[in-house]
>>> print(open('start12.csv').read())   # CSV, C-alpha atoms
chain,number,residue,atom,x,y,z
Q,1120,MET,CA,15.6,13.5,-2.2
Q,1121,SER,CA,19.1,15.0,-2.3
Q,1122,TRP,CA,21.1,15.2,-5.5
Q,1123,ALA,CA,23.4,12.4,-4.3
Q,1124,GLY,CA,20.4,10.2,-3.6
Q,1125,PHE,CA,18.9,11.0,-7.0
Q,1126,LYS,CA,22.2,10.2,-8.7
Q,1127,LYS,CA,22.4,6.9,-6.9
Q,1128,SER,CA,18.8,6.0,-7.9
Q,1129,VAL,CA,19.7,6.7,-11.6
Q,1130,ASN,CA,22.8,4.6,-11.3
Q,1131,ARG,CA,20.9,1.7,-9.8
Q,1132,ALA,CA,18.3,1.9,-12.5
Q,1133,GLY,CA,21.0,1.8,-15.1
Q,1134,THR,CA,22.6,-1.2,-13.3
Q,1135,THR,CA,19.3,-3.0,-13.2
Q,1136,LEU,CA,18.9,-2.4,-17.0
Q,1137,LEU,CA,22.4,-3.7,-17.8
Q,1138,GLN,CA,21.8,-6.8,-15.7
Q,1139,LYS,CA,18.6,-7.5,-17.6
Q,1140,THR,CA,20.6,-7.3,-20.9
Q,1141,GLY,CA,23.3,-9.5,-19.4
Q,1142,GLN,CA,26.0,-6.8,-19.5
Q,1143,ILE,CA,26.5,-6.8,-15.7
Q,1144,GLU,CA,26.5,-9.9,-13.6
Q,1145,ARG,CA,23.9,-10.1,-10.9
Q,1146,THR,CA,24.7,-11.4,-7.4
Q,1147,VAL,CA,22.7,-14.6,-6.7
Q,1148,ASP,CA,22.4,-15.8,-3.1
Q,1149,ARG,CA,20.1,-18.9,-3.0
Q,1150,GLN,CA,20.1,-19.1,0.8
Q,1151,TYR,CA,18.9,-15.5,1.0
Q,1152,GLU,CA,16.3,-15.9,-1.7
Q,1153,ASP,CA,14.9,-19.0,0.0
Q,1154,GLU,CA,14.6,-17.1,3.3
Q,1155,GLU,CA,13.0,-14.1,1.7
Q,1156,ALA,CA,10.5,-16.3,-0.2
Q,1157,LYS,CA,9.4,-17.9,3.1
Q,1158,TYR,CA,9.2,-14.5,4.7
Q,1159,ARG,CA,6.9,-13.3,1.9
Q,1160,VAL,CA,4.6,-16.2,2.5
Q,1161,PHE,CA,4.5,-15.4,6.2
Q,1162,GLU,CA,3.8,-11.7,5.5
Q,1163,LYS,CA,1.0,-12.5,3.1
Q,1164,GLU,CA,-0.6,-15.0,5.5
Q,1165,CYS,CA,-0.4,-12.5,8.5
Q,1166,GLN,CA,-2.0,-9.8,6.5
Q,1167,ALA,CA,-4.8,-12.1,5.4
Q,1168,LEU,CA,-5.2,-13.2,9.1
Q,1169,GLN,CA,-5.5,-9.6,10.1
Q,1170,LYS,CA,-8.1,-8.9,7.5
Q,1171,ASP,CA,-10.1,-12.1,8.1
Q,1172,SER,CA,-10.0,-11.7,11.9
Q,1173,LYS,CA,-11.5,-8.3,11.7
Q,1174,ALA,CA,-14.0,-9.4,9.1
Q,1175,TYR,CA,-15.0,-12.3,11.4
Q,1176,TRP,CA,-15.6,-10.0,14.3
Q,1177,ASP,CA,-17.5,-7.5,12.2
Q,1178,ALA,CA,-19.7,-10.3,11.0
Q,1179,MET,CA,-20.3,-11.4,14.6
Q,1180,ARG,CA,-21.4,-7.8,15.5
Q,1181,SER,CA,-23.6,-7.7,12.4
Q,1182,MET,CA,-25.1,-11.1,13.3
Q,1183,THR,CA,-26.0,-10.0,16.9
Q,1184,ALA,CA,-27.5,-6.8,15.6
Q,1185,ALA,CA,-29.5,-8.7,12.9
Q,1186,GLN,CA,-30.7,-11.1,15.6
Q,1187,GLY,CA,-31.9,-8.1,17.7
Q,1188,ARG,CA,-33.9,-6.7,14.7
Q,1189,ILE,CA,-35.4,-10.1,14.0
Q,1190,ALA,CA,-36.4,-10.4,17.6
Q,1191,ASP,CA,-38.0,-7.0,17.6
Q,1192,THR,CA,-40.1,-7.8,14.6
Q,1193,LEU,CA,-41.2,-11.3,15.8
Q,1194,GLU,CA,-42.2,-9.9,19.2
Q,1195,THR,CA,-44.2,-7.2,17.5
Q,1196,PHE,CA,-45.9,-9.7,15.2
Q,1197,TYR,CA,-46.9,-12.1,18.1
Q,1198,SER,CA,-47.8,-9.4,20.6
Q,1199,ALA,CA,-50.1,-7.6,18.1
Q,1200,ALA,CA,-51.9,-10.9,17.4
Q,1201,ASP,CA,-52.4,-12.1,21.0
Q,1202,ARG,CA,-50.3,-11.0,23.9
Q,1203,ASN,CA,-51.2,-14.0,26.0
Q,1204,SER,CA,-50.5,-16.7,23.4
Q,1205,GLU,CA,-47.6,-19.1,23.6
Q,1206,GLY,CA,-46.2,-17.5,20.5
Q,1207,ALA,CA,-46.2,-14.1,22.1
Q,1208,MET,CA,-44.5,-15.5,25.1
Q,1209,ALA,CA,-42.0,-17.2,22.9
Q,1210,GLY,CA,-41.4,-14.0,20.9
Q,1211,HIS,CA,-40.8,-12.1,24.2
Q,1212,ALA,CA,-38.5,-14.8,25.5
Q,1213,TYR,CA,-36.5,-14.8,22.2
Q,1214,LYS,CA,-36.2,-11.0,22.4
Q,1215,ARG,CA,-34.9,-11.2,25.9
Q,1216,SER,CA,-32.4,-14.0,25.1
Q,1217,VAL,CA,-31.1,-12.1,22.0
Q,1218,ASP,CA,-30.7,-8.9,24.1
Q,1219,ASP,CA,-28.8,-10.9,26.7
Q,1220,LEU,CA,-26.5,-12.4,24.0
Q,1221,ASP,CA,-25.8,-8.9,22.6
Q,1222,THR,CA,-25.0,-7.6,26.1
Q,1223,THR,CA,-22.6,-10.6,26.6
Q,1224,PHE,CA,-21.0,-10.0,23.3
Q,1225,ASN,CA,-20.4,-6.3,23.9
Q,1226,ARG,CA,-19.5,-6.5,27.6
Q,1227,GLU,CA,-17.5,-9.7,27.8
Q,1228,LEU,CA,-16.2,-10.6,24.4
Q,1229,ASP,CA,-15.7,-7.5,22.3
Q,1230,GLY,CA,-12.9,-5.9,24.4
Q,1231,PRO,CA,-11.0,-9.2,25.0
Q,1232,TYR,CA,-11.2,-10.1,21.3
Q,1233,ARG,CA,-9.6,-6.8,20.4
Q,1234,THR,CA,-7.0,-7.1,23.1
Q,1235,THR,CA,-6.0,-10.8,22.6
Q,1236,ILE,CA,-6.5,-11.2,18.9
Q,1237,LEU,CA,-6.8,-8.1,16.8
Q,1238,GLU,CA,-4.1,-6.1,18.6
Q,1239,PRO,CA,-1.4,-8.8,18.6
Q,1240,ILE,CA,-2.0,-9.5,14.9
Q,1241,GLY,CA,-1.8,-5.8,14.2
Q,1242,LYS,CA,1.5,-5.5,16.1
Q,1243,MET,CA,3.0,-8.4,14.1
Q,1244,CYS,CA,1.9,-6.8,10.8
Q,1245,ALA,CA,3.5,-3.5,11.9
Q,1246,TYR,CA,6.9,-5.2,11.8
Q,1247,PHE,CA,6.6,-5.9,8.0
Q,1248,PRO,CA,7.3,-2.3,6.8
Q,1249,VAL,CA,10.4,-2.3,8.9
Q,1250,VAL,CA,11.6,-5.6,7.6
Q,1251,ASN,CA,10.8,-4.6,4.1
Q,1252,GLU,CA,12.8,-1.5,4.5
Q,1253,HIS,CA,15.9,-3.6,5.4
Q,1254,ILE,CA,15.2,-5.8,2.4
Q,1255,THR,CA,15.0,-2.8,0.1
Q,1256,LYS,CA,18.2,-1.4,1.5
Q,1257,ARG,CA,19.9,-4.8,1.0
Q,1258,ASN,CA,18.8,-4.9,-2.6
Q,1259,LYS,CA,20.0,-1.4,-3.3
Q,1260,LYS,CA,23.4,-2.2,-1.8
Q,1261,MET,CA,23.5,-5.3,-3.9
Q,1262,LEU,CA,23.1,-3.2,-7.1
Q,1263,ASP,CA,25.9,-0.9,-5.8
Q,1264,TYR,CA,28.1,-3.9,-5.2
Q,1265,ASP,CA,27.4,-5.4,-8.6
Q,1266,SER,CA,28.1,-2.1,-10.3
Q,1267,ALA,CA,31.4,-1.6,-8.4
Q,1268,ARG,CA,32.4,-5.2,-9.2
Q,1269,SER,CA,31.7,-4.7,-12.9
Q,1270,LYS,CA,33.8,-1.5,-13.0
Q,1271,LEU,CA,36.7,-3.1,-11.2
Q,1272,ARG,CA,36.7,-6.0,-13.7
Q,1273,LYS,CA,36.7,-3.7,-16.6
Q,1274,ILE,CA,39.7,-1.8,-15.3
Q,1275,ILE,CA,41.6,-5.0,-14.5
Q,1276,ASP,CA,40.8,-6.4,-18.0
Q,1277,LYS,CA,41.7,-3.1,-19.6
Q,1278,PRO,CA,44.2,-1.2,-17.4
Q,1279,SER,CA,43.8,2.6,-17.5
Q,1280,GLU,CA,46.7,5.0,-18.0
Q,1281,ASP,CA,45.5,6.8,-14.8
Q,1282,PRO,CA,47.2,4.8,-12.0
Q,1283,THR,CA,44.7,6.0,-9.4
Q,1284,LYS,CA,41.7,4.4,-11.1
Q,1285,LEU,CA,42.4,0.9,-10.0
Q,1286,PRO,CA,42.9,1.7,-6.3
Q,1287,ARG,CA,39.7,3.8,-6.3
Q,1288,ALA,CA,37.7,1.1,-8.0
Q,1289,GLN,CA,39.1,-1.5,-5.6
Q,1290,GLN,CA,38.2,0.6,-2.6
Q,1291,GLU,CA,34.7,1.3,-4.0
Q,1292,HIS,CA,34.3,-2.5,-4.6
Q,1293,ASP,CA,35.5,-3.5,-1.1
Q,1294,GLU,CA,33.3,-0.9,0.7
Q,1295,ASN,CA,30.2,-1.9,-1.2
Q,1296,LYS,CA,30.9,-5.6,-0.8
Q,1297,GLU,CA,31.4,-5.1,3.0
Q,1298,THR,CA,28.1,-3.2,3.3
Q,1299,PHE,CA,26.1,-5.6,1.2
Q,1300,ASP,CA,27.6,-8.7,3.0
Q,1301,LEU,CA,26.7,-7.2,6.3
Q,1302,LEU,CA,23.0,-6.5,5.4
Q,1303,ASN,CA,22.7,-9.8,3.5
Q,1304,GLU,CA,24.0,-11.9,6.4
Q,1305,GLN,CA,21.8,-10.0,8.9
Q,1306,LEU,CA,18.7,-10.9,6.9
Q,1307,ILE,CA,19.8,-14.5,6.4
Q,1308,ASN,CA,20.2,-14.9,10.1
Q,1309,GLU,CA,17.2,-13.0,11.4
Q,1310,LEU,CA,14.4,-13.8,8.8
Q,1311,PRO,CA,14.3,-17.4,10.0
Q,1312,GLN,CA,14.2,-16.3,13.6
Q,1313,LEU,CA,11.2,-14.0,12.9
Q,1314,LEU,CA,9.4,-17.0,11.3
Q,1315,ASP,CA,10.3,-19.3,14.2
Q,1316,LEU,CA,8.6,-16.9,16.6
Q,1317,ARG,CA,5.3,-17.0,14.8
Q,1318,VAL,CA,3.9,-20.1,16.7
Q,1319,PRO,CA,4.7,-19.0,20.3
Q,1320,TYR,CA,3.5,-15.5,19.4
Q,1321,PHE,CA,0.1,-16.5,17.9
Q,1322,ASP,CA,-0.5,-19.4,20.3
Q,1323,PRO,CA,-2.2,-17.3,23.0
Q,1324,SER,CA,-4.3,-15.5,20.4
Q,1325,PHE,CA,-5.4,-18.8,18.9
Q,1326,GLU,CA,-6.4,-20.2,22.3
Q,1327,ALA,CA,-8.3,-17.0,23.2
Q,1328,MET,CA,-10.2,-17.1,19.9
Q,1329,ILE,CA,-11.3,-20.7,20.5
Q,1330,ARG,CA,-12.4,-19.9,24.1
Q,1331,MET,CA,-14.4,-16.9,23.0
Q,1332,GLN,CA,-16.1,-18.7,20.2
Q,1333,ALA,CA,-16.9,-21.5,22.6
Q,1334,LYS,CA,-18.3,-19.1,25.2
Q,1335,PHE,CA,-20.5,-17.3,22.6
Q,1336,ALA,CA,-21.8,-20.7,21.4
Q,1337,GLU,CA,-22.5,-21.9,24.9
Q,1338,GLU,CA,-24.2,-18.7,25.9
Q,1339,GLY,CA,-26.3,-18.8,22.8
Q,1340,TYR,CA,-27.3,-22.5,23.4
Q,1341,GLU,CA,-28.1,-21.8,27.1
Q,1342,LYS,CA,-30.2,-18.8,26.5
Q,1343,LEU,CA,-32.1,-20.0,23.3
Q,1344,SER,CA,-32.8,-23.4,25.0
Q,1345,GLY,CA,-35.1,-21.5,27.3
Q,1346,VAL,CA,-37.2,-20.3,24.4
Q,1347,GLN,CA,-37.8,-23.9,23.2
Q,1348,ARG,CA,-40.0,-24.7,26.2
Q,1349,TYR,CA,-42.7,-22.6,24.5
Q,1350,PHE,CA,-42.9,-25.0,21.6
Q,1351,ALA,CA,-44.4,-28.5,21.5
Q,1352,ASP,CA,-42.0,-31.3,22.0
Q,1353,ASN,CA,-43.1,-32.9,18.7
Q,1354,VAL,CA,-42.1,-29.9,16.5
Q,1355,ARG,CA,-38.8,-31.3,15.5
Q,1356,ASP,CA,-40.4,-34.7,14.6
Q,1357,ASP,CA,-43.1,-32.9,12.6
Q,1358,TYR,CA,-40.4,-31.0,10.7
Q,1359,ALA,CA,-38.5,-34.2,9.9
Q,1360,ALA,CA,-41.7,-35.8,8.7
Q,1361,GLY,CA,-42.6,-32.9,6.4
Q,1362,GLN,CA,-45.7,-31.9,8.4
Q,1363,LEU,CA,-44.5,-28.4,9.0
Q,1364,ASP,CA,-44.0,-27.9,5.3
Q,1365,ALA,CA,-47.6,-28.9,4.8
Q,1366,GLN,CA,-48.7,-26.4,7.4
Q,1367,VAL,CA,-46.8,-23.6,5.7
Q,1368,GLU,CA,-48.3,-24.6,2.3
Q,1369,SER,CA,-51.7,-24.6,3.8
Q,1370,VAL,CA,-51.3,-21.0,5.1
Q,1371,LEU,CA,-49.9,-19.9,1.8
Q,1372,GLN,CA,-52.9,-21.3,0.0
Q,1373,GLU,CA,-55.2,-19.3,2.3
Q,1374,MET,CA,-53.1,-16.2,1.4
Q,1375,ARG,CA,-53.5,-16.9,-2.3
Q,1376,GLU,CA,-57.2,-17.0,-1.9
Q,1377,LEU,CA,-57.3,-13.4,-0.7
Q,1378,SER,CA,-58.2,-10.9,-3.4
Q,1379,ILE,CA,-55.3,-8.6,-2.6
Q,1380,CYS,CA,-52.9,-11.5,-3.2
Q,1381,GLY,CA,-54.3,-12.2,-6.7
Q,1382,GLY,CA,-57.2,-14.6,-5.8
Q,1383,ASN,CA,-60.7,-14.5,-7.2
>>> encode(input="start12.csv", output="structure tokens")
Amino acid sequence: MSWAGFKKSVNRAGTTLLQKTGQIERTVDRQYEDEEAKYRVFEKECQALQKDSKAYWDAMRSMTAAQGRIADTLETFYSAADRNSEGAMAGHAYKRSVDDLDTTFNRELDGPYRTTILEPIGKMCAYFPVVNEHITKRNKKMLDYDSARSKLRKIIDKPSEDPTKLPRAQQEHDENKETFDLLNEQLINELPQLLDLRVPYFDPSFEAMIRMQAKFAEEGYEKLSGVQRYFADNVRDDYAAGQLDAQVESVLQEMRELSICGGN
């Protein structure tokens, strides 16, 4: 930072302190404050959307990977017991279906999700530092304007013996006011435009997300439905009637009766 920049920072810090103690009047623009408040909500929501969209896709990748590991284990269990049993065939069919799902995810969904959802959200969020830089510049110029206005009023209220002080203070006031008004008006006009663009901007991404979620669900239903043919038609009814719970409890009882599980 240059000496001039450092001096300005010190002067602005002093102006802020004097404003807090009520010694310098602070410019209040309700219209600008309303627009900035709405922008801050939008900024926060977009950043959350970026984080959650990535977390969702990471979770999907983790889920397909976990499915693959489960399928590997089940296939091993069943094949080791009896390779020709319906359970072994079901385990093999499940493994094949899960592998197909994982391939579909990586080949047909991963790239498009990044292109149509993650990248557009990232590009929108990339604008925020630029907008925030303009807001920071506007706020700094507001402090300069408030300070110049205060100096001008003091000279008017208590004229100086130096006849050049008033013209200099007036010029400093006018220049700072012009700069502040320009930045302030720009933000008042353009912040609402930025917010108005959010729906047409995110609309294609929203549609793409729904389509990809539907495709993954449809692919999963189609592939896993083929595994169901290895199970008896009455399995679902048995589960609803509590019979499967009884079967599980029966097997657990047999396990308890083993010496290595704590039985006699």
>>> residues_around(input="start12.csv", residues="Q:Arg1268", least_positions_apart="6", cutoff="12 Å", atoms="only C-alpha atoms", output="PyMOL selection string")
chain Q and resi 1134+1143-1146+1261-1262+1274-1275+1285+1287-1296
>>> atom_distance(input="start12.csv", atom1="atom CA of Q:Gln1332", atom2="atom CA of Q:Leu1193")
26.5 Å
>>> closest_residue(input="start12.csv", among="Q:Gln1366, Q:Lys1259, Q:Asp1265, Q:Ala1184", to="Q:Asn1225", atoms="only C-alpha atoms")
Q:Ala1184
>>> closest_residue(input="start12.csv", among="Q:Ser1378, Q:His1253, Q:Gln1166, Q:Gln1362", to="Q:Glu1309", atoms="all atoms listed in the file")
Q:His1253
>>> residues_around(input="start12.csv", residues="Q:Ile1236", least_positions_apart="3", cutoff="10 Å", atoms="only C-alpha atoms", output="ChimeraX atom specification")
/Q:1169,1172-1173,1230-1233,1239-1241,1321,1323-1328
>>> closest_residue(input="start12.csv", among="Q:Glu1368, Q:Asp1352, Q:Asp1229, Q:Glu1341", to="Q:Thr1183", atoms="all atoms listed in the file")
Q:Asp1229
>>> atom_distance(input="start12.csv", atom1="atom CA of Q:Val1370", atom2="atom CA of Q:Ala1199")
18.7 Å
>>> atom_distance(input="start12.csv", atom1="atom CA of Q:Glu1337", atom2="atom CA of Q:Leu1220")
10.3 Å
>>> closest_residue(input="start12.csv", among="Q:Ser1279, Q:Asn1251, Q:Gln1372, Q:Gln1305", to="Q:Glu1162", atoms="only C-alpha atoms")
Q:Asn1251
>>> closest_atom_pairs(input="start12.csv", of="stretch 1203-1268 of chain Q", to="stretch 1186-1191 of chain Q", cutoff="10 Å", atoms="all atoms listed in the file", output="CSV")
residue,atom,partner,partner_atom,distance
Q:Gly1210,CA,Q:Ala1190,CA,7.0
Q:His1211,CA,Q:Ala1190,CA,8.1
Q:Ala1212,CA,Q:Ala1190,CA,9.3
Q:Tyr1213,CA,Q:Ala1190,CA,6.4
Q:Lys1214,CA,Q:Ala1190,CA,4.8
Q:Arg1215,CA,Q:Ala1190,CA,8.5
Q:Ser1216,CA,Q:Ala1190,CA,9.2
Q:Val1217,CA,Q:Gly1187,CA,5.9
Q:Asp1218,CA,Q:Gly1187,CA,6.6
Q:Asp1219,CA,Q:Gly1187,CA,9.9
Q:Leu1220,CA,Q:Gly1187,CA,9.3
Q:Asp1221,CA,Q:Gly1187,CA,7.9
>>> closest_residue(input="start12.csv", among="Q:Met1243, Q:Val1160, Q:Met1208, Q:Met1179", to="Q:Tyr1320", atoms="all atoms listed in the file")
Q:Met1243
>>> closest_residue(input="start12.csv", among="Q:Phe1247, Q:Phe1224, Q:Tyr1264, Q:Phe1299", to="Q:Arg1180", atoms="all atoms listed in the file")
Q:Phe1224
>>> decode(input="start12.csv", residues="stretch 1284-1319 of chain Q", atoms="N, CA and C atoms", output="CSV table (one decimal), in the first residue's frame")
chain,number,residue,atom,x,y,z
Q,1284,LYS,N,-9.5,28.3,2.2
Q,1284,LYS,CA,-10.0,27.1,2.8
Q,1284,LYS,C,-11.4,26.7,2.4
Q,1285,LEU,N,-12.3,27.7,2.3
Q,1285,LEU,CA,-13.6,27.4,1.9
Q,1285,LEU,C,-13.7,26.9,0.4
Q,1286,PRO,N,-13.1,27.5,-0.5
Q,1286,PRO,CA,-13.1,26.9,-1.9
Q,1286,PRO,C,-12.5,25.5,-2.0
Q,1287,ARG,N,-11.4,25.3,-1.3
Q,1287,ARG,CA,-10.8,24.0,-1.3
Q,1287,ARG,C,-11.7,22.9,-0.7
Q,1288,ALA,N,-12.3,23.3,0.4
Q,1288,ALA,CA,-13.3,22.4,1.1
Q,1288,ALA,C,-14.5,22.1,0.2
Q,1289,GLN,N,-15.0,23.2,-0.5
Q,1289,GLN,CA,-16.1,23.0,-1.3
Q,1289,GLN,C,-15.8,22.1,-2.5
Q,1290,GLN,N,-14.6,22.3,-3.1
Q,1290,GLN,CA,-14.2,21.4,-4.2
Q,1290,GLN,C,-14.0,20.0,-3.8
Q,1291,GLU,N,-13.4,19.8,-2.6
Q,1291,GLU,CA,-13.2,18.4,-2.1
Q,1291,GLU,C,-14.5,17.8,-1.8
Q,1292,HIS,N,-15.5,18.5,-1.3
Q,1292,HIS,CA,-16.8,18.0,-1.0
Q,1292,HIS,C,-17.5,17.6,-2.3
Q,1293,ASP,N,-17.5,18.5,-3.3
Q,1293,ASP,CA,-18.2,18.3,-4.6
Q,1293,ASP,C,-17.6,17.0,-5.3
Q,1294,GLU,N,-16.2,16.9,-5.3
Q,1294,GLU,CA,-15.6,15.8,-6.0
Q,1294,GLU,C,-16.0,14.5,-5.4
Q,1295,ASN,N,-15.9,14.4,-4.0
Q,1295,ASN,CA,-16.2,13.2,-3.3
Q,1295,ASN,C,-17.7,12.8,-3.5
Q,1296,LYS,N,-18.6,13.9,-3.5
Q,1296,LYS,CA,-20.0,13.6,-3.6
Q,1296,LYS,C,-20.3,13.1,-5.0
Q,1297,GLU,N,-19.7,13.6,-6.0
Q,1297,GLU,CA,-19.9,13.2,-7.4
Q,1297,GLU,C,-19.4,11.7,-7.5
Q,1298,THR,N,-18.3,11.4,-7.0
Q,1298,THR,CA,-17.8,10.0,-7.1
Q,1298,THR,C,-18.7,9.0,-6.3
Q,1299,PHE,N,-19.1,9.4,-5.1
Q,1299,PHE,CA,-19.9,8.6,-4.3
Q,1299,PHE,C,-21.3,8.4,-5.0
Q,1300,ASP,N,-21.9,9.4,-5.5
Q,1300,ASP,CA,-23.2,9.3,-6.1
Q,1300,ASP,C,-23.1,8.4,-7.4
Q,1301,LEU,N,-22.1,8.5,-8.1
Q,1301,LEU,CA,-21.9,7.7,-9.3
Q,1301,LEU,C,-21.9,6.2,-8.9
Q,1302,LEU,N,-21.0,5.8,-7.9
Q,1302,LEU,CA,-20.9,4.4,-7.5
Q,1302,LEU,C,-22.2,4.0,-6.8
Q,1303,ASN,N,-22.8,4.8,-6.1
Q,1303,ASN,CA,-24.0,4.5,-5.4
Q,1303,ASN,C,-25.2,4.2,-6.3
Q,1304,GLU,N,-25.3,5.1,-7.3
Q,1304,GLU,CA,-26.4,4.9,-8.3
Q,1304,GLU,C,-26.2,3.7,-9.2
Q,1305,GLN,N,-24.9,3.4,-9.5
Q,1305,GLN,CA,-24.6,2.2,-10.3
Q,1305,GLN,C,-25.0,1.0,-9.6
Q,1306,LEU,N,-24.8,0.9,-8.3
Q,1306,LEU,CA,-25.1,-0.3,-7.5
Q,1306,LEU,C,-26.6,-0.4,-7.3
Q,1307,ILE,N,-27.3,0.7,-7.1
Q,1307,ILE,CA,-28.8,0.7,-7.0
Q,1307,ILE,C,-29.4,0.2,-8.2
Q,1308,ASN,N,-28.9,0.6,-9.4
Q,1308,ASN,CA,-29.4,0.2,-10.7
Q,1308,ASN,C,-29.1,-1.3,-11.0
Q,1309,GLU,N,-27.9,-1.7,-10.7
Q,1309,GLU,CA,-27.4,-3.0,-11.3
Q,1309,GLU,C,-27.6,-4.2,-10.3
Q,1310,LEU,N,-27.6,-3.9,-9.0
Q,1310,LEU,CA,-27.9,-5.1,-8.1
Q,1310,LEU,C,-29.2,-5.7,-8.4
Q,1311,PRO,N,-30.3,-5.0,-8.5
Q,1311,PRO,CA,-31.6,-5.6,-8.9
Q,1311,PRO,C,-31.5,-6.4,-10.2
Q,1312,GLN,N,-30.8,-5.9,-11.2
Q,1312,GLN,CA,-30.7,-6.6,-12.5
Q,1312,GLN,C,-30.0,-7.9,-12.3
Q,1313,LEU,N,-28.9,-7.9,-11.4
Q,1313,LEU,CA,-28.2,-9.2,-11.2
Q,1313,LEU,C,-29.2,-10.2,-10.5
Q,1314,LEU,N,-30.0,-9.8,-9.6
Q,1314,LEU,CA,-30.9,-10.7,-8.9
Q,1314,LEU,C,-32.0,-11.1,-9.9
Q,1315,ASP,N,-32.4,-10.3,-10.8
Q,1315,ASP,CA,-33.5,-10.6,-11.7
Q,1315,ASP,C,-33.0,-11.7,-12.7
Q,1316,LEU,N,-31.7,-11.8,-12.9
Q,1316,LEU,CA,-31.2,-12.8,-13.9
Q,1316,LEU,C,-31.0,-14.2,-13.3
Q,1317,ARG,N,-31.2,-14.3,-12.0
Q,1317,ARG,CA,-31.0,-15.6,-11.3
Q,1317,ARG,C,-31.8,-16.7,-11.8
Q,1318,VAL,N,-33.1,-16.4,-12.1
Q,1318,VAL,CA,-34.0,-17.5,-12.5
Q,1318,VAL,C,-33.7,-17.9,-13.9
Q,1319,PRO,N,-33.6,-17.1,-14.9
Q,1319,PRO,CA,-33.3,-17.6,-16.2
Q,1319,PRO,C,-31.9,-18.2,-16.3
